[in-house]
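Comments concern the structure below.
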Amino acid sequence: MPEAGGVNIEVAHQLNEQRRHQLSQPSRIHEVLEVIEAIILALVACCTAWSGYQAARWDSHQSELYGRSSKLRAEAEAFSLQSNQERMYNAANVNEWLKAEVHGEKNLAELLERRFLPEFLPAFEAWKKTDPLHNPNAPAGPGQMPEYRDSAAAEFTRLDHEATELFDQGTSARERGDNYVRTTVTLATVLLLTAISQRFRDHRIRLALIVLAALLLCAPLWHILSLPRA
């Protein structure tokens with residue numbers, strides 16, 4: 001009997017050692033998983049902060065560009081209005097000058113010539129030399145002459161083009177900000193998977209969720225590295 005008792009003690013000791021080994025092995029795995037989870041959470045926190053910062057910067061940049069574009073549009077409209085008024089004024093003077101020339105009213109014609117705007121006068125003088133009253137091949141008016149200049153219209157075109165470019169840049173800034181927002185949403189999904197994995201004691205399920213979260217984290221990391229910065 002003592003021998004049998006000794007055998008039982010030895011078997012119990014071996015079973016106890018196996019039990020300790022079984023308990024210690026999962027514990028080490030869980031410790032490794034916790035370290036991986038901590039790394040993923042740290043990356044998610046940093047990437048989320050950076051994405052939110054960039055999204056806010058691009059949103060601010062978009063507002064600034066749209067504001068500058070609107071300001072230039074208003075200035076361009078002012079030049080457009082000025083150009084239209086000057087054209088109407090010069091056209092009315094040309095019509096009155098033609099009437100004065102037809103009726104032989106030289107003094108009135110000379111007075112009207114002096115009333116032309118300085119920028120318009122070179123084109124009118126060049127048109128006048130074509131003898132529009134008797135030459136059927138003469139241009140329809142001073143506006144058709146190579147000497148014709150309209151600085152207000154040119155300024156309108158320049159400002160309008162610049163405003164369009166700024167508006168397009170603002171649209172691009174909005175799209176870039178949206179890309180960072182979408183990146184933040186993906187990071188939130190990674191955070192959710194990591195938090196869920198911590199609820200499981202089975203290391204296989206936990207490991208599967210961590211791997212899924214790590215794979216999903218690759219996309220926002222790539223976007224953060226490749227997206228332009230404000």
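The way I read the labels, and the way they are meant: chains A, B, ... in the order of the structure tokens, residue 1 as the first residue of every chain, and ligand 1 as the first ligand shown, with later ones counted on from there.
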Shell of 12 Å around Pro228 (chain A), only C-alpha atoms, local chain residues under 3 positions omitted, as number ranges by chain | A: 51, 54-55, 57-58, 172-173, 175-177, 179-180, 222-225
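The environment of region 68-76 of chain A within 12 Å, counting only C-alpha atoms and disregarding residues fewer than 6 places along the same chain, consists of His61, Gln62, Gln82, Ser83, Ala152, Ala153, Ala154, Glu155, Phe156, Thr157, Arg158, Leu159, Asp160, His161, Glu162, Ala163, Thr164, Glu165, Leu166, Phe167, Asp168, Gln169, Gly170 and Thr171 of chain A.
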Q: For Lys129 (chain A), work out the shell of residues within 12 Å, counting only C-alpha atoms and skipping chain neighbours fewer than 6 positions away, then give it as a ChimeraX atom specification.
A: /A:122-123,135,138-139,141-142,145
I need the chosen residues saved as a PDB file, in the first residue's frame, with N, CA, C and O atoms.
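Result file selection.pdb:
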ATOM      1  N   PRO A 122      -7.940 106.176 -79.275  1.00  0.00           N
ATOM      2  CA  PRO A 122      -7.088 105.641 -80.353  1.00  0.00           C
ATOM      3  C   PRO A 122      -7.850 104.746 -81.333  1.00  0.00           C
ATOM      4  O   PRO A 122      -7.627 104.815 -82.539  1.00  0.00           O
ATOM      5  N   ALA A 123      -8.741 103.920 -80.811  1.00  0.00           N
ATOM      6  CA  ALA A 123      -9.529 103.050 -81.689  1.00  0.00           C
ATOM      7  C   ALA A 123     -10.470 103.889 -82.556  1.00  0.00           C
ATOM      8  O   ALA A 123     -10.679 103.595 -83.744  1.00  0.00           O
ATOM      9  N   ASN A 135     -17.043 104.549 -96.921  1.00  0.00           N
ATOM     10  CA  ASN A 135     -16.388 103.272 -97.241  1.00  0.00           C
ATOM     11  C   ASN A 135     -17.243 102.117 -96.741  1.00  0.00           C
ATOM     12  O   ASN A 135     -17.353 101.889 -95.534  1.00  0.00           O
ATOM     13  N   ALA A 138     -15.536  99.554 -94.425  1.00  0.00           N
ATOM     14  CA  ALA A 138     -15.013  99.972 -93.122  1.00  0.00           C
ATOM     15  C   ALA A 138     -15.601  99.098 -92.014  1.00  0.00           C
ATOM     16  O   ALA A 138     -16.731  98.605 -92.126  1.00  0.00           O
ATOM     17  N   PRO A 139     -14.853  98.866 -90.940  1.00  0.00           N
ATOM     18  CA  PRO A 139     -15.388  98.093 -89.807  1.00  0.00           C
ATOM     19  C   PRO A 139     -16.666  98.712 -89.259  1.00  0.00           C
ATOM     20  O   PRO A 139     -16.923  99.908 -89.422  1.00  0.00           O
ATOM     21  N   GLY A 141     -17.522  99.490 -86.319  1.00  0.00           N
ATOM     22  CA  GLY A 141     -17.333 100.509 -85.279  1.00  0.00           C
ATOM     23  C   GLY A 141     -15.931 100.448 -84.718  1.00  0.00           C
ATOM     24  O   GLY A 141     -15.153  99.546 -85.036  1.00  0.00           O
ATOM     25  N   PRO A 142     -15.566 101.407 -83.875  1.00  0.00           N
ATOM     26  CA  PRO A 142     -14.223 101.423 -83.273  1.00  0.00           C
ATOM     27  C   PRO A 142     -13.907 100.156 -82.486  1.00  0.00           C
ATOM     28  O   PRO A 142     -12.741  99.785 -82.356  1.00  0.00           O
ATOM     29  N   MET A 145     -11.708  97.590 -84.244  1.00  0.00           N
ATOM     30  CA  MET A 145     -10.367  97.966 -84.652  1.00  0.00           C
ATOM     31  C   MET A 145      -9.316  97.292 -83.753  1.00  0.00           C
ATOM     32  O   MET A 145      -9.576  97.054 -82.565  1.00  0.00           O
TER      33      MET A 145
END
- prompt: Any idea what's packed within 8 Å of Ser197 (chain A), counting only C-alpha atoms, ignoring anything in its chain fewer than 4 positions away? Could you give it as a PyMOL selection string?
  reply: chain A and resi 193+205-207+209-210
Output all heavy atoms for every residue in that selection, as a CSV table (one decimal), in the first residue's frame.
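Result saved to part-v2.csv:
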chain,number,residue,atom,x,y,z
A,193,LEU,N,-13.1,47.0,-33.0
A,193,LEU,CA,-12.7,45.6,-33.0
A,193,LEU,C,-11.7,45.3,-31.9
A,193,LEU,O,-11.7,44.2,-31.3
A,193,LEU,CB,-12.0,45.3,-34.4
A,193,LEU,CG,-13.0,45.3,-35.6
A,193,LEU,CD1,-12.2,45.2,-36.9
A,193,LEU,CD2,-14.0,44.2,-35.5
A,205,ILE,N,-10.1,33.5,-30.6
A,205,ILE,CA,-11.0,34.5,-31.0
A,205,ILE,C,-10.4,35.9,-30.9
A,205,ILE,O,-10.5,36.7,-31.8
A,205,ILE,CB,-12.3,34.4,-30.2
A,205,ILE,CG1,-13.0,33.1,-30.4
A,205,ILE,CG2,-13.3,35.6,-30.6
A,205,ILE,CD1,-14.3,32.9,-29.6
A,206,ARG,N,-9.7,36.1,-29.8
A,206,ARG,CA,-9.1,37.4,-29.5
A,206,ARG,C,-8.0,37.7,-30.6
A,206,ARG,O,-7.9,38.8,-31.1
A,206,ARG,CB,-8.5,37.4,-28.1
A,206,ARG,CG,-8.0,38.7,-27.6
A,206,ARG,CD,-7.7,38.6,-26.2
A,206,ARG,NE,-7.3,39.9,-25.6
A,206,ARG,CZ,-7.0,40.1,-24.3
A,206,ARG,NH1,-7.0,39.1,-23.5
A,206,ARG,NH2,-6.7,41.3,-23.9
A,207,LEU,N,-7.2,36.6,-30.9
A,207,LEU,CA,-6.2,36.8,-31.9
A,207,LEU,C,-6.8,37.1,-33.3
A,207,LEU,O,-6.3,37.9,-34.0
A,207,LEU,CB,-5.3,35.5,-32.0
A,207,LEU,CG,-4.2,35.5,-33.0
A,207,LEU,CD1,-3.2,36.7,-32.7
A,207,LEU,CD2,-3.5,34.2,-33.0
A,209,LEU,N,-9.6,38.6,-33.9
A,209,LEU,CA,-10.1,40.0,-34.0
A,209,LEU,C,-8.9,41.0,-34.1
A,209,LEU,O,-9.0,42.0,-34.7
A,209,LEU,CB,-10.9,40.3,-32.7
A,209,LEU,CG,-12.3,39.6,-32.7
A,209,LEU,CD1,-13.0,39.8,-31.3
A,209,LEU,CD2,-13.2,40.1,-33.8
A,210,ILE,N,-7.8,40.7,-33.4
A,210,ILE,CA,-6.7,41.6,-33.4
A,210,ILE,C,-6.1,41.6,-34.8
A,210,ILE,O,-5.7,42.7,-35.3
A,210,ILE,CB,-5.6,41.1,-32.4
A,210,ILE,CG1,-6.2,41.4,-31.0
A,210,ILE,CG2,-4.3,41.9,-32.6
A,210,ILE,CD1,-5.3,40.9,-29.9
With only C-alpha atoms as the counted atoms, please give the residues lying no more than 10 Å from Ala100 (chain A), apart from itself and same-chain residues fewer than 6 positions off, as a compact mmCIF listing (two decimals) with C-alpha atoms, in the first residue's frame.
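Writing done, so here's result-v9.txt:
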# COMPACT_ATOMS: atom_id res chain seq x y z
CA VAL A 94 -20.27 107.27 -81.76
CA LYS A 106 -18.56 119.99 -87.49
CA ASN A 107 -18.52 121.78 -84.12
CA LEU A 108 -20.80 119.16 -82.57
CA ALA A 109 -18.72 116.36 -84.09
CA GLU A 110 -15.52 117.83 -82.65
CA LEU A 112 -18.27 114.58 -79.29
Spatial neighbours of Cys47 (chain A), 8 Å, only C-alpha atoms, chain gap at least 5 places, as number ranges by chain = A: 184, 187, 220-221, 224
Would you save the residues from that selection as an mmCIF file, in the first residue's frame, using C-alpha atoms?
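Result file is part.cif:
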data_model
loop_
_atom_site.group_PDB
_atom_site.id
_atom_site.type_symbol
_atom_site.label_atom_id
_atom_site.label_comp_id
_atom_site.auth_asym_id
_atom_site.auth_seq_id
_atom_site.Cartn_x
_atom_site.Cartn_y
_atom_site.Cartn_z
ATOM 1 C CA THR A 184 -11.110 58.732 -38.980
ATOM 2 C CA LEU A 187 -9.922 54.165 -37.368
ATOM 3 C CA PRO A 220 -5.849 54.495 -42.733
ATOM 4 C CA LEU A 221 -2.097 54.334 -42.120
ATOM 5 C CA ILE A 224 -2.289 59.282 -43.661
#
For CA of Thr130 (chain A) and CA of Asn84 (chain A), quote the distance in Å rounded to one decimal.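 Computing it gives 25.5 Å between the two atoms.
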If you count only C-alpha atoms, the residue of A:Ala213, A:Leu81, A:Leu227, A:Ala126 closest to Ala195 (chain A) turns out to be A:Ala213
One decimal place gives the CA of Glu31 (chain A)-CA of Val185 (chain A) separation as 28.5 Å
Exercise. CA of Asp150 (chain A) to CA of Leu121 (chain A): how many Å, to one decimal?
Worked result: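 Between CA of Asp150 (chain A) and CA of Leu121 (chain A) the gap is 11.4 Å.
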Quiz item: Hey, which of A:Leu216, A:Ala56, A:Ser80, A:Asp178 ends up closest to Leu192 (chain A)? Count only C-alpha atoms.
Solution: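 When distances to Leu192 (chain A) are compared using only C-alpha atoms, the smallest one comes from A:Leu216.
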